[in-house]
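**Q** Dropping in query.txt, with compact mmCIF, C-alpha atoms.
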```
# COMPACT_ATOMS: atom_id res chain seq x y z
CA MET P 241 28.18 2.64 -5.01
CA ALA P 242 25.39 0.28 -6.01
CA ASP P 243 22.34 1.83 -7.65
CA LEU P 244 19.17 0.59 -5.91
CA LYS P 245 16.69 2.52 -8.07
CA THR P 246 13.83 0.47 -9.48
CA ASN P 247 11.52 0.68 -12.45
CA PHE P 248 8.56 -1.57 -11.77
CA CYS P 249 6.41 -1.57 -14.92
CA GLY P 250 6.94 2.19 -15.17
CA ILE P 251 6.60 2.88 -11.44
CA ARG P 252 9.90 4.35 -10.28
CA SER P 253 11.28 4.40 -6.75
CA PRO P 254 14.68 5.17 -5.17
CA ASN P 255 15.01 1.59 -3.88
CA PRO P 256 13.05 -1.69 -4.06
CA PHE P 257 11.82 -1.57 -0.45
CA TRP P 258 8.11 -0.80 -0.26
CA LEU P 259 5.66 -0.88 2.63
CA ALA P 260 3.08 -3.59 2.01
CA SER P 261 -0.61 -2.74 2.14
CA ALA P 262 -1.18 -3.13 5.87
CA PRO P 263 -1.32 -1.20 9.16
CA PRO P 264 2.08 0.55 8.59
CA SER P 265 0.67 2.21 5.46
CA ASN P 266 -2.69 3.17 6.92
CA SER P 267 -2.29 6.96 6.83
CA GLY P 268 -0.48 9.84 5.22
CA TYR P 269 1.45 10.46 8.42
CA GLN P 270 2.86 6.93 8.40
CA VAL P 271 3.74 6.83 4.71
CA GLN P 272 5.45 10.22 4.79
CA LYS P 273 7.41 9.22 7.90
CA ALA P 274 8.51 6.04 6.13
CA PHE P 275 9.63 7.98 3.06
CA GLU P 276 11.55 10.45 5.21
CA GLN P 277 13.44 7.54 6.77
CA GLY P 278 14.35 6.06 3.40
CA TRP P 279 11.63 3.71 2.17
CA GLY P 280 11.29 3.66 -1.59
CA GLY P 281 7.55 3.13 -1.91
CA ALA P 282 4.33 2.24 -0.18
CA VAL P 283 1.22 0.30 -1.08
CA TRP P 284 -1.51 2.11 0.81
CA LYS P 285 -3.66 0.06 3.18
CA THR P 286 -6.57 -1.22 1.09
CA ILE P 287 -9.44 1.19 0.58
CA GLY P 288 -12.91 0.47 -0.75
CA ALA P 289 -15.83 -1.32 0.82
CA PRO P 290 -17.03 0.01 4.21
CA VAL P 291 -15.90 -2.11 7.19
CA LEU P 292 -15.92 -2.22 10.98
CA ASN P 293 -12.82 -3.66 12.58
CA VAL P 294 -12.76 -5.61 15.84
CA SER P 295 -10.48 -5.96 18.85
CA ASN P 296 -8.39 -7.91 19.59
CA ARG P 297 -6.95 -8.18 16.10
CA TYR P 298 -3.54 -9.83 16.35
CA ALA P 299 -2.06 -13.04 17.71
CA THR P 300 1.56 -14.14 17.40
CA ILE P 301 3.78 -17.18 17.57
CA ASP P 302 6.95 -16.68 19.60
CA TYR P 303 9.63 -19.36 19.67
CA LYS P 304 12.37 -19.88 22.23
CA GLY P 305 12.81 -16.22 23.04
CA THR P 306 12.26 -14.92 19.51
CA LYS P 307 9.18 -12.73 19.27
CA ILE P 308 6.75 -12.79 16.36
CA ILE P 309 8.08 -15.47 14.05
CA GLY P 310 4.48 -15.56 12.86
CA LEU P 311 1.63 -13.06 13.12
CA ASN P 312 -2.06 -13.66 12.60
CA ASN P 313 -4.54 -10.85 12.06
CA VAL P 314 -8.29 -10.54 11.72
CA GLU P 315 -8.06 -6.90 10.68
CA LEU P 316 -9.96 -5.87 7.58
CA ILE P 317 -9.20 -3.13 5.05
CA SER P 318 -9.00 0.54 6.02
CA ASP P 319 -11.85 1.66 8.26
CA ARG P 320 -11.01 5.31 7.59
CA PRO P 321 -13.28 7.17 5.12
CA VAL P 322 -12.24 6.75 1.49
CA GLU P 323 -12.27 10.51 1.01
CA VAL P 324 -9.73 10.97 3.82
CA ASN P 325 -7.43 8.32 2.36
CA LEU P 326 -7.63 9.87 -1.11
CA LYS P 327 -6.84 13.33 0.26
CA GLU P 328 -3.77 11.98 2.10
CA MET P 329 -2.57 10.00 -0.93
CA LYS P 330 -2.60 13.20 -2.96
CA GLU P 331 -0.63 15.06 -0.28
CA VAL P 332 1.98 12.32 0.04
CA LYS P 333 2.50 12.09 -3.71
CA ARG P 334 2.83 15.85 -3.96
CA ASN P 335 5.42 15.91 -1.17
CA PHE P 336 7.35 12.86 -2.43
CA PRO P 337 7.06 12.86 -6.23
CA ASN P 338 10.00 10.47 -6.69
CA HIS P 339 8.64 7.77 -4.40
CA ALA P 340 6.20 5.03 -5.40
CA VAL P 341 2.69 5.46 -4.04
CA ILE P 342 0.40 2.56 -4.89
CA ALA P 343 -3.29 2.45 -4.03
CA SER P 344 -4.59 -0.94 -2.91
CA ILE P 345 -8.29 -1.27 -3.67
CA MET P 346 -11.09 -3.75 -2.98
CA VAL P 347 -14.81 -3.34 -3.62
CA GLU P 348 -17.84 -5.48 -4.33
CA SER P 349 -17.76 -7.62 -7.45
CA THR P 350 -19.42 -5.30 -9.93
CA LYS P 351 -17.85 -3.60 -12.90
CA GLU P 352 -19.29 -0.23 -11.88
CA ALA P 353 -17.85 -0.38 -8.35
CA TRP P 354 -14.32 -1.32 -9.47
CA GLN P 355 -14.16 1.23 -12.25
CA GLU P 356 -15.62 4.01 -10.12
CA ILE P 357 -13.04 3.65 -7.35
CA ILE P 358 -10.20 3.43 -9.86
CA LYS P 359 -11.26 6.70 -11.46
CA ARG P 360 -11.64 8.43 -8.09
CA THR P 361 -8.29 7.17 -6.85
CA GLU P 362 -6.38 7.97 -10.01
CA ASP P 363 -7.23 11.65 -9.61
CA THR P 364 -4.89 11.76 -6.58
CA GLY P 365 -1.85 11.37 -8.82
CA ILE P 366 -0.79 8.00 -7.37
CA ASP P 367 1.55 5.82 -9.43
CA GLY P 368 -0.49 2.66 -9.74
CA PHE P 369 -3.04 0.27 -8.30
CA GLU P 370 -2.86 -3.03 -6.48
CA LEU P 371 -6.01 -5.13 -6.76
CA ASN P 372 -6.44 -6.97 -3.46
CA PHE P 373 -7.46 -10.48 -4.48
CA GLY P 374 -5.80 -12.04 -1.46
CA CYS P 375 -7.39 -11.11 1.89
CA PRO P 376 -8.48 -14.49 3.37
CA HIS P 377 -10.77 -13.32 6.17
CA GLY P 378 -13.70 -11.02 6.71
CA MET P 379 -13.77 -9.65 3.18
CA SER P 380 -13.73 -13.11 1.58
CA GLU P 381 -16.95 -13.95 3.41
CA ARG P 382 -18.47 -10.99 1.58
CA GLY P 383 -17.34 -12.27 -1.83
CA MET P 384 -14.17 -10.16 -2.00
CA GLY P 385 -10.45 -10.75 -1.37
CA SER P 386 -9.42 -14.39 -1.69
CA ALA P 387 -12.96 -15.32 -2.74
CA MET P 388 -12.04 -13.53 -5.98
CA GLY P 389 -8.43 -14.66 -6.14
CA GLN P 390 -9.27 -18.34 -5.74
CA VAL P 391 -11.37 -18.35 -8.92
CA PRO P 392 -9.21 -17.67 -12.01
CA ASP P 393 -12.22 -16.61 -14.10
CA TYR P 394 -13.13 -13.94 -11.54
CA THR P 395 -9.51 -12.82 -11.34
CA CYS P 396 -9.37 -12.39 -15.10
CA MET P 397 -12.75 -10.63 -15.25
CA VAL P 398 -12.06 -8.02 -12.57
CA THR P 399 -8.56 -7.42 -13.91
CA GLU P 400 -10.07 -6.65 -17.31
CA TRP P 401 -12.50 -4.21 -15.69
CA ALA P 402 -9.67 -2.41 -13.94
CA VAL P 403 -7.21 -2.33 -16.82
CA SER P 404 -9.82 -1.01 -19.23
CA VAL P 405 -10.21 2.27 -17.32
CA ALA P 406 -6.91 2.70 -15.46
CA THR P 407 -4.25 4.88 -17.06
CA LYS P 408 -1.72 3.83 -14.39
CA PRO P 409 -0.22 0.32 -13.99
CA VAL P 410 -2.42 -2.31 -12.34
CA ILE P 411 -0.78 -4.87 -10.04
CA VAL P 412 -2.79 -7.97 -9.15
CA LYS P 413 -2.11 -9.23 -5.61
CA LEU P 414 -2.52 -13.01 -5.47
CA THR P 415 -3.79 -15.22 -2.67
CA PRO P 416 -1.61 -18.12 -1.48
CA ASN P 417 -4.73 -19.96 -0.31
CA ILE P 418 -4.93 -22.03 -3.45
CA THR P 419 -3.52 -25.34 -4.69
CA ASP P 420 -1.72 -23.98 -7.76
CA ILE P 421 -0.64 -20.33 -7.64
CA THR P 422 0.11 -20.27 -11.37
CA LEU P 423 -3.59 -20.53 -12.28
CA PRO P 424 -4.70 -17.13 -10.90
CA ALA P 425 -1.41 -15.64 -12.07
CA ARG P 426 -2.13 -16.72 -15.64
CA ALA P 427 -5.68 -15.45 -15.30
CA ALA P 428 -4.46 -12.02 -14.18
CA VAL P 429 -2.00 -11.85 -17.06
CA LYS P 430 -4.73 -12.93 -19.48
CA GLY P 431 -6.87 -10.11 -18.12
CA GLY P 432 -4.15 -7.63 -19.03
CA ALA P 433 -2.38 -7.12 -15.70
CA PRO P 434 1.03 -5.55 -16.34
CA ALA P 435 2.36 -6.73 -12.95
CA LEU P 436 1.74 -9.18 -10.10
CA SER P 437 2.41 -9.21 -6.36
CA LEU P 438 2.43 -12.11 -3.90
CA ILE P 439 1.87 -13.52 -1.40
CA ASN P 440 -1.01 -12.23 0.63
CA THR P 441 -1.59 -13.82 4.02
CA LEU P 442 -2.27 -17.51 4.66
CA ASN P 443 -5.54 -18.63 6.18
CA SER P 444 -4.95 -19.76 9.75
CA ILE P 445 -6.12 -20.19 13.30
CA MET P 446 -3.25 -19.12 15.51
CA GLY P 447 -3.92 -21.16 18.61
CA VAL P 448 -6.10 -21.93 21.59
CA ASP P 449 -5.76 -20.60 25.14
CA LEU P 450 -5.48 -23.73 27.31
CA ASN P 451 -6.95 -21.95 30.35
CA THR P 452 -9.97 -20.23 28.79
CA PHE P 453 -10.28 -22.42 25.65
CA ASP P 454 -10.57 -19.18 23.65
CA ILE P 455 -9.36 -18.95 20.08
CA LYS P 456 -6.42 -16.56 19.57
CA PRO P 457 -6.99 -13.68 19.04
CA SER P 458 -10.13 -13.60 21.16
CA VAL P 459 -12.89 -11.14 20.40
CA GLY P 460 -15.23 -11.23 23.38
CA GLY P 461 -14.65 -14.94 23.86
CA LYS P 462 -14.87 -15.96 20.21
CA GLY P 463 -12.26 -16.19 17.46
CA SER P 464 -12.06 -16.60 13.71
CA HIS P 465 -9.64 -17.67 11.04
CA GLY P 466 -7.28 -14.89 10.01
CA GLY P 467 -4.32 -14.03 7.82
CA TYR P 468 -0.91 -15.47 8.75
CA ALA P 469 2.28 -13.52 7.99
CA GLY P 470 5.79 -12.98 9.33
CA PRO P 471 9.15 -14.76 8.93
CA ALA P 472 7.54 -18.22 9.14
CA VAL P 473 5.77 -17.80 5.78
CA LYS P 474 8.90 -16.87 3.82
CA PRO P 475 9.62 -20.37 2.43
CA ILE P 476 6.05 -20.62 1.12
CA ALA P 477 6.34 -17.19 -0.48
CA LEU P 478 9.66 -18.05 -2.14
CA HIS P 479 8.21 -21.23 -3.61
CA MET P 480 5.15 -19.46 -5.02
CA LEU P 481 7.27 -16.60 -6.34
CA SER P 482 9.58 -18.97 -8.21
CA ALA P 483 6.61 -20.95 -9.57
CA ILE P 484 5.19 -17.81 -11.16
CA ALA P 485 8.55 -16.42 -12.29
CA LEU P 486 9.24 -19.69 -14.14
CA ASP P 487 5.75 -20.14 -15.58
CA GLU P 488 5.80 -19.88 -19.37
CA GLU P 489 2.47 -18.03 -19.58
CA VAL P 490 3.76 -15.32 -17.24
CA ARG P 491 7.32 -15.24 -18.63
CA LYS P 492 6.32 -14.67 -22.24
CA ARG P 493 4.60 -11.43 -21.24
CA THR P 494 7.55 -10.25 -19.12
CA VAL P 495 5.35 -9.41 -16.15
CA PRO P 496 7.31 -7.96 -13.20
CA ILE P 497 6.58 -9.34 -9.72
CA SER P 498 6.57 -7.62 -6.34
CA GLY P 499 7.60 -10.12 -3.66
CA ILE P 500 5.86 -10.29 -0.27
CA GLY P 501 5.99 -12.69 2.65
CA GLY P 502 8.22 -12.84 5.71
CA ILE P 503 10.88 -10.38 4.55
CA GLU P 504 12.73 -9.01 7.58
CA THR P 505 16.38 -8.55 6.54
CA TRP P 506 18.28 -7.44 3.47
CA GLN P 507 19.27 -11.08 2.95
CA ASP P 508 15.58 -12.01 2.75
CA ALA P 509 15.01 -9.28 0.18
CA VAL P 510 17.94 -10.42 -1.94
CA GLU P 511 16.59 -13.98 -1.92
CA PHE P 512 13.24 -12.77 -3.25
CA MET P 513 14.94 -10.78 -5.98
CA LEU P 514 17.23 -13.65 -6.94
CA LEU P 515 14.03 -15.64 -7.52
CA GLY P 516 12.51 -12.99 -9.77
CA ALA P 517 11.05 -10.14 -7.70
CA THR P 518 11.71 -6.60 -8.92
CA SER P 519 10.48 -4.95 -5.72
CA VAL P 520 9.75 -6.28 -2.23
CA GLN P 521 6.98 -5.36 0.18
CA ILE P 522 7.37 -5.54 3.95
CA CYS P 523 4.81 -5.42 6.76
CA THR P 524 5.34 -7.64 9.82
CA ALA P 525 8.98 -6.61 10.31
CA VAL P 526 7.87 -2.96 10.42
CA MET P 527 5.12 -3.81 12.90
CA HIS P 528 7.79 -5.50 15.03
CA TYR P 529 10.71 -3.07 14.76
CA GLY P 530 9.43 0.13 13.16
CA PHE P 531 10.40 2.03 10.03
CA ARG P 532 14.04 2.27 11.12
CA ILE P 533 14.87 -1.17 9.70
CA ILE P 534 15.13 0.51 6.29
CA GLU P 535 18.66 1.66 7.16
CA ASP P 536 19.90 -1.91 7.53
CA LEU P 537 17.97 -3.01 4.44
CA ILE P 538 19.55 -0.38 2.22
CA ASP P 539 23.06 -0.64 3.67
CA GLY P 540 23.05 -4.42 3.59
CA MET P 541 21.86 -4.74 0.01
CA SER P 542 24.20 -1.97 -1.19
CA ASN P 543 27.24 -3.55 0.45
CA TRP P 544 26.35 -6.99 -0.89
CA MET P 545 25.98 -5.60 -4.42
CA ASP P 546 29.30 -3.75 -4.17
CA GLU P 547 31.11 -6.86 -2.96
CA ARG P 548 29.84 -8.85 -5.93
CA GLY P 549 30.20 -6.18 -8.56
CA PHE P 550 26.50 -5.64 -9.23
CA LYS P 551 25.89 -2.07 -10.39
CA THR P 552 22.07 -2.16 -10.47
CA ILE P 553 19.43 -4.48 -9.09
CA GLU P 554 18.65 -5.64 -12.63
CA ASP P 555 22.07 -7.31 -12.59
CA PHE P 556 20.93 -9.98 -10.15
CA ILE P 557 17.13 -10.18 -10.43
CA GLY P 558 16.20 -13.77 -11.28
CA LYS P 559 19.77 -15.02 -11.12
CA SER P 560 18.80 -18.09 -9.08
CA LEU P 561 15.83 -19.11 -11.22
CA PRO P 562 17.89 -21.44 -13.49
CA LYS P 563 18.80 -23.40 -10.35
CA VAL P 564 15.16 -24.16 -9.51
CA SER P 565 14.34 -27.66 -10.71
CA SER P 566 11.75 -30.37 -10.36
CA PHE P 567 12.53 -33.43 -8.25
CA GLY P 568 12.57 -35.55 -11.39
CA ASP P 569 15.58 -33.65 -12.72
CA LEU P 570 17.75 -33.93 -9.58
CA ASP P 571 20.99 -35.91 -9.84
CA LEU P 572 20.45 -39.32 -8.22
CA GLY P 573 24.21 -39.90 -8.32
CA PHE P 574 25.18 -36.90 -6.21
CA GLN P 575 26.37 -37.95 -2.74
CA SER P 576 27.39 -35.99 0.34
CA VAL P 577 28.28 -37.06 3.87
CA ALA P 578 28.48 -35.32 7.22
CA ARG P 579 31.90 -34.35 8.59
CA ILE P 580 32.27 -33.30 12.24
CA ASP P 581 35.00 -30.91 13.40
CA HIS P 582 35.75 -32.33 16.85
CA ASN P 583 37.73 -29.24 17.79
CA LYS P 584 34.46 -27.30 17.67
CA CYS P 585 32.24 -30.02 19.13
CA ILE P 586 30.71 -29.14 22.53
CA GLN P 587 29.53 -32.73 23.17
CA CYS P 588 25.85 -31.86 23.29
CA ASN P 589 25.24 -35.07 21.33
CA LEU P 590 22.21 -33.63 19.54
CA CYS P 591 23.58 -34.96 16.26
CA PHE P 592 23.80 -38.49 17.69
CA ILE P 593 20.29 -38.33 19.13
CA ALA P 594 18.73 -36.91 15.96
CA CYS P 595 20.49 -39.41 13.71
CA ASN P 596 19.75 -42.37 15.95
CA ASP P 597 16.10 -41.57 16.66
CA ALA P 598 14.94 -39.78 13.52
CA ALA P 599 17.34 -40.49 10.66
CA HIS P 600 19.68 -43.32 9.58
CA GLN P 601 21.68 -44.43 12.67
CA CYS P 602 25.08 -43.65 11.19
CA ILE P 603 26.63 -41.64 14.07
CA ASP P 604 28.37 -43.41 16.96
CA LEU P 605 29.61 -42.04 20.26
CA THR P 606 33.26 -43.10 20.24
CA THR P 607 35.65 -42.60 23.13
CA MET P 608 38.84 -40.91 21.92
CA LYS P 609 41.62 -38.50 22.78
CA LEU P 610 41.71 -35.16 21.04
CA ASN P 611 44.72 -32.93 20.27
CA GLY P 612 47.00 -34.68 22.69
CA ASN P 613 44.55 -34.35 25.57
CA PRO P 614 45.29 -37.32 27.83
CA MET P 615 41.63 -37.55 28.86
CA GLU P 616 39.42 -39.65 26.69
CA ARG P 617 35.88 -38.50 26.04
CA PRO P 618 32.95 -39.75 23.95
CA LEU P 619 32.63 -37.84 20.69
CA PRO P 620 30.18 -38.28 17.80
CA VAL P 621 31.76 -40.00 14.81
CA VAL P 622 30.06 -40.45 11.44
CA ARG P 623 30.26 -43.79 9.68
CA GLU P 624 30.56 -42.29 6.22
CA ASN P 625 29.83 -45.53 4.40
CA ASP P 626 26.41 -45.55 6.01
CA CYS P 627 25.70 -41.81 5.84
CA VAL P 628 23.00 -40.92 3.30
CA GLY P 629 23.67 -37.17 3.39
CA CYS P 630 20.29 -36.14 4.81
CA ALA P 631 21.94 -33.21 6.70
CA LEU P 632 19.73 -33.53 9.79
CA CYS P 633 22.79 -33.63 12.07
CA SER P 634 24.08 -30.40 10.56
CA ALA P 635 20.68 -28.79 11.02
CA VAL P 636 20.41 -29.59 14.74
CA CYS P 637 24.03 -28.79 15.63
CA PRO P 638 24.14 -25.54 17.66
CA VAL P 639 27.77 -24.71 16.73
CA PRO P 640 28.32 -22.92 13.39
CA ASP P 641 30.38 -24.96 10.89
CA CYS P 642 30.94 -27.80 13.35
CA ILE P 643 29.15 -30.24 11.05
CA THR P 644 29.47 -29.68 7.33
CA MET P 645 28.11 -31.64 4.39
CA VAL P 646 30.90 -32.67 2.02
CA GLU P 647 30.50 -34.08 -1.48
CA VAL P 648 32.11 -37.50 -1.91
CA GLU P 649 32.64 -39.82 -4.84
CA SER P 650 29.55 -41.91 -5.42
CA ASN P 651 29.10 -45.38 -6.83
CA ARG P 652 25.72 -44.34 -8.15
CA PRO P 653 25.43 -43.58 -11.88
CA HIS P 654 24.77 -39.91 -12.50
CA THR P 655 21.24 -39.84 -13.83
CA THR P 656 17.82 -38.47 -12.96
CA TRP P 657 14.46 -40.04 -12.29
CA ASN P 658 13.10 -38.55 -15.52
CA GLN P 659 16.01 -40.03 -17.49
CA LEU P 660 15.47 -43.44 -15.91
CA ILE P 661 11.87 -43.51 -16.99
CA SER P 662 12.41 -41.98 -20.44
CA GLU P 663 15.13 -44.48 -21.37
CA LYS P 664 12.74 -47.40 -20.85
CA PRO P 665 9.21 -46.08 -21.16
CA GLU P 666 7.85 -49.60 -21.42
CA VAL P 667 9.25 -50.47 -17.96
CA LEU P 668 7.27 -49.63 -14.86
CA ALA P 669 8.78 -46.91 -12.68
CA TRP P 670 9.26 -49.30 -9.77
CA ASP P 671 11.16 -51.78 -11.93
CA ALA P 672 13.33 -49.02 -13.36
CA MET P 673 14.28 -47.82 -9.89
CA ASN P 674 15.04 -51.35 -8.71
CA GLU P 675 17.34 -51.82 -11.70
CA TYR P 676 19.12 -48.59 -10.84
CA ARG P 677 19.51 -49.70 -7.23
CA LYS P 678 21.22 -52.90 -8.35
CA LYS P 679 23.63 -51.00 -10.63
CA ALA P 680 24.49 -48.62 -7.80
CA ASN P 681 24.84 -51.43 -5.27
CA PHE P 682 22.54 -49.60 -2.87
CA HIS P 683 23.07 -50.30 0.77
CA ILE P 684 19.70 -50.21 2.54
CA HIS P 685 19.84 -49.82 6.31
```
Now that the file is in, can you turn its structure into structure tokens?
**A**
Amino acid sequence: MADLKTNFCGIRSPNPFWLASAPPSNSGYQVQKAFEQGWGGAVWKTIGAPVLNVSNRYATIDYKGTKIIGLNNVELISDRPVEVNLKEMKEVKRNFPNHAVIASIMVESTKEAWQEIIKRTEDTGIDGFELNFGCPHGMSERGMGSAMGQVPDYTCMVTEWAVSVATKPVIVKLTPNITDITLPARAAVKGGAPALSLINTLNSIMGVDLNTFDIKPSVGGKGSHGGYAGPAVKPIALHMLSAIALDEEVRKRTVPISGIGGIETWQDAVEFMLLGATSVQICTAVMHYGFRIIEDLIDGMSNWMDERGFKTIEDFIGKSLPKVSSFGDLDLGFQSVARIDHNKCIQCNLCFIACNDAAHQCIDLTTMKLNGNPMERPLPVVRENDCVGCALCSAVCPVPDCITMVEVESNRPHTTWNQLISEKPEVLAWDAMNEYRKKANFHIH
């Protein structure tokens, strides 16, 4: 059987699945219930500065019958007394000594405030801290959350304050509301952070009610920007995770990363870990389905590891990072075309419409007989000589494996944009590309 145990900068847990700092980890009751059902760890809902929460707090995006592909919240940090949270943290850690209990903290931007809450919280016996530099609403207007995380100098400064007094590992939680995620990551590492987590929520306005004109969610007729999460943010999280995992400043200090953002299935979790995450944190999926999803997460990852011969999670963490490249290093000579299995085709013609209206007009509706059927019918047929391999037809096709992208021999020289430019640095990029087009006998439609 696969071993799912993790060691995240000295914080040990029976599996890599942690509750993210959010409503599901708001109390001792919830965290203990999660641990009883199999969760490996929990990052407690952020404690610190006093707040008053509002209602309504959530708004969602549903799509074609699928609920909550995206969730927006205007909820702040814990509105329960700090003393109550600390008491419950101590109880949970005493009852579950082998599970990871992480305290998420956020206070005003003074050295005394940060160091005081770290000392108070550490007395509970928790395993580590997560500095919340990511919350994009409510707290940021008060100079906390993403207001800290968007300024690398502040990130470095507060991290230094925390690390200087903490005897337990400090994880810096990064905001995605920034142009280059590597800058605050480097700042946190420079400040001595032994670990990072990302992403926090994305700044967003969820929508407008077309009848009342209210912003969603509406609080007495008014709305505000909030934090966006859920399955829809996963691609953004994966990109930012890989950017940090590949950054030289972060890599040379071997800083582990806890991945967050749209994780709902074991496949999602594996993707995060293949791109460098050592643990994963989950919130929206729990808010949607409850703690019970942990059974599928553990079984799915365990079975996948067994099938591929991975004994521990360390065997596959970061395994996909060497495949992440810049556009300039992609093979310009690689060519694929779309192939349609007419035995599976249901004649919806979405591929024809998409190609004709939004791509490269290389699919025709051709009347033909199929498998000896005496009746002729119009079927989509790809003109492979004109197909550029964009894969839009495959993406819109509703039938699994009906349209596949197949590599074909190319008349293009196998080279990259960076190689083209480096071979003739004195030639302008446009001229170099035109020369390549002539060599490859490009057919422009």
**Q** Go through P:Asn674, P:Leu515, P:Cys591, P:Val621 and flag the residue nearest Ser634 in chain P, using only C-alpha atoms for the distances.
**A**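 Counting only C-alpha atoms, the residue closest to Ser634 in chain P is P:Cys591.
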**Q** CA of Pro638 in chain P to CA of Asn583 in chain P: how many Å, to one decimal?
**A**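 We find that CA of Pro638 in chain P and CA of Asn583 in chain P lie 14.1 Å from each other.
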**Q** If you count all atoms listed in the file, which residues fall within 10 Å of range 407-414 of chain P, apart from same-chain ones fewer than 6 positions away, as an MDAnalysis selection string?
**A** chainID P and resid 248:251 342:344 358:359 362 365:375 385:386 388:390 395:396 398:399 421:422 424:425 428:429 432:441 495:500
**Q** So, counting all atoms listed in the file, which residue among P:Asp626, P:Asp243, P:Asp546, P:Glu276 is closest to Cys595 in chain P?
**A**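 Smallest distance to Cys595 in chain P is found for P:Asp626.
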**Q** Determine the nearest neighbour of Gln272 in chain P from the options P:Arg320, P:Lys307, P:His339, P:Arg617, counting only C-alpha atoms.
**A**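 Looking at the shortest contact to Gln272 in chain P, the residue is P:His339.
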**Q** CA of Ala282 in chain P and CA of Val341 in chain P, how far apart in Å?
**A**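 Distance between the two atoms: 5.3 Å.
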**Q** Got a sec to check which residues sit within 7 Å of (-2.1, 2.8, 2.7), counting all atoms listed in the file, and write them as a PyMOL selection string?
**A** chain P and resi 261-262+265-267+283-286+343
**Q** Save out the residues we just selected, C-alpha atoms, as an mmCIF file, in the coordinates of the input.
**A**
```
data_model
loop_
_atom_site.group_PDB
_atom_site.id
_atom_site.type_symbol
_atom_site.label_atom_id
_atom_site.label_comp_id
_atom_site.auth_asym_id
_atom_site.auth_seq_id
_atom_site.Cartn_x
_atom_site.Cartn_y
_atom_site.Cartn_z
ATOM 1 C CA SER P 261 -0.610 -2.740 2.140
ATOM 2 C CA ALA P 262 -1.180 -3.130 5.870
ATOM 3 C CA SER P 265 0.670 2.210 5.460
ATOM 4 C CA ASN P 266 -2.690 3.170 6.920
ATOM 5 C CA SER P 267 -2.290 6.960 6.830
ATOM 6 C CA VAL P 283 1.220 0.300 -1.080
ATOM 7 C CA TRP P 284 -1.510 2.110 0.810
ATOM 8 C CA LYS P 285 -3.660 0.060 3.180
ATOM 9 C CA THR P 286 -6.570 -1.220 1.090
ATOM 10 C CA ALA P 343 -3.290 2.450 -4.030
#
```
